[in-house]
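Below is one structure, written out as structure tokens, with a few remarks after it.
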Amino acid sequence: MKNKVKELREQYGLTQAQLGEKVKVSRQAINAIETNKFDPSIWLAYDLAKFFNIAIEDIFDFEESERK
């Protein structure tokens, strides 16, 4: 699923490792989300939205055609 995690992370001036620390996941998990290789759990999506202070829908593009 498309997302704006990298864009938001860079706006906040954070490395992948730093963002991972903030939401309690590894740098590799953040990298996988940013490169669309991994869809986060609803809880991780919530933690990212809470950290960036925006709605989940403003980070992740939920396209009906992409449902698995």
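Residues are named by chain letter and number: chains run A, B, ... in the order of the structure tokens, numbers start at 1 in each chain, and ligands are numbered from 1 in the order shown.
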
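For Met1 in chain A, the set of protein, DNA and RNA residues having any atom at most 10 Å away, when counting only C-alpha atoms and skipping those fewer than 3 positions along the same chain, is Ile33, Glu34, Thr35, Asn36, Lys37, Phe38, Asp39, Pro40, Phe60, Asp61, Phe62, Glu63, Glu66 and Arg67 of chain A.
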
(request) Could you give me the residues within chain A that DSSP places in alpha helix (DSSP H), as JSON, numbers by chain? (result) {"A": [5, 6, 7, 8, 9, 10, 11, 16, 17, 18, 19, 20, 21, 22, 23, 27, 28, 29, 30, 31, 32, 33, 34, 42, 43, 44, 45, 46, 47, 48, 49, 50, 51, 52]}

For the residues in that selection, give me C-alpha atoms as a PDB file, in the first residue's frame.
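again_4.pdb was written with the following content:
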```
ATOM      1  CA  VAL A   5       6.061   7.600   5.855  1.00  0.00           C
ATOM      2  CA  LYS A   6       9.354   8.558   4.205  1.00  0.00           C
ATOM      3  CA  GLU A   7       8.088  12.041   3.326  1.00  0.00           C
ATOM      4  CA  LEU A   8       6.845  12.640   6.874  1.00  0.00           C
ATOM      5  CA  ARG A   9       9.990  11.195   8.454  1.00  0.00           C
ATOM      6  CA  GLU A  10      12.172  13.495   6.360  1.00  0.00           C
ATOM      7  CA  GLN A  11       9.994  16.520   7.227  1.00  0.00           C
ATOM      8  CA  GLN A  16      14.734   5.473   9.864  1.00  0.00           C
ATOM      9  CA  ALA A  17      16.346   4.263  13.087  1.00  0.00           C
ATOM     10  CA  GLN A  18      15.123   7.289  15.027  1.00  0.00           C
ATOM     11  CA  LEU A  19      11.555   6.890  13.783  1.00  0.00           C
ATOM     12  CA  GLY A  20      11.697   3.193  14.548  1.00  0.00           C
ATOM     13  CA  GLU A  21      12.752   4.016  18.084  1.00  0.00           C
ATOM     14  CA  LYS A  22       9.816   6.408  18.497  1.00  0.00           C
ATOM     15  CA  VAL A  23       7.259   3.783  17.435  1.00  0.00           C
ATOM     16  CA  ARG A  27      14.962   0.500  11.295  1.00  0.00           C
ATOM     17  CA  GLN A  28      14.415  -2.392   8.896  1.00  0.00           C
ATOM     18  CA  ALA A  29      10.660  -2.317   9.562  1.00  0.00           C
ATOM     19  CA  ILE A  30      10.521   1.404   8.759  1.00  0.00           C
ATOM     20  CA  ASN A  31      12.539   0.801   5.585  1.00  0.00           C
ATOM     21  CA  ALA A  32      10.194  -2.006   4.517  1.00  0.00           C
ATOM     22  CA  ILE A  33       7.139   0.205   5.052  1.00  0.00           C
ATOM     23  CA  GLU A  34       8.710   3.111   3.154  1.00  0.00           C
ATOM     24  CA  ILE A  42      -3.168  -1.480  12.432  1.00  0.00           C
ATOM     25  CA  TRP A  43      -1.422  -0.813  15.738  1.00  0.00           C
ATOM     26  CA  LEU A  44       1.793   0.324  14.060  1.00  0.00           C
ATOM     27  CA  ALA A  45      -0.190   2.458  11.611  1.00  0.00           C
ATOM     28  CA  TYR A  46      -1.948   4.010  14.617  1.00  0.00           C
ATOM     29  CA  ASP A  47       1.376   4.654  16.397  1.00  0.00           C
ATOM     30  CA  LEU A  48       2.795   6.338  13.283  1.00  0.00           C
ATOM     31  CA  ALA A  49      -0.318   8.488  12.882  1.00  0.00           C
ATOM     32  CA  LYS A  50      -0.221   9.431  16.556  1.00  0.00           C
ATOM     33  CA  PHE A  51       3.481  10.305  16.355  1.00  0.00           C
ATOM     34  CA  PHE A  52       2.975  12.500  13.265  1.00  0.00           C
TER      35      PHE A  52
END
```

(message) DSSP on the backbone: which residues in chain A end up as strand (DSSP E)? Give the answer as a PyMOL selection string.
(response) chain A and resi 2-3+60-61
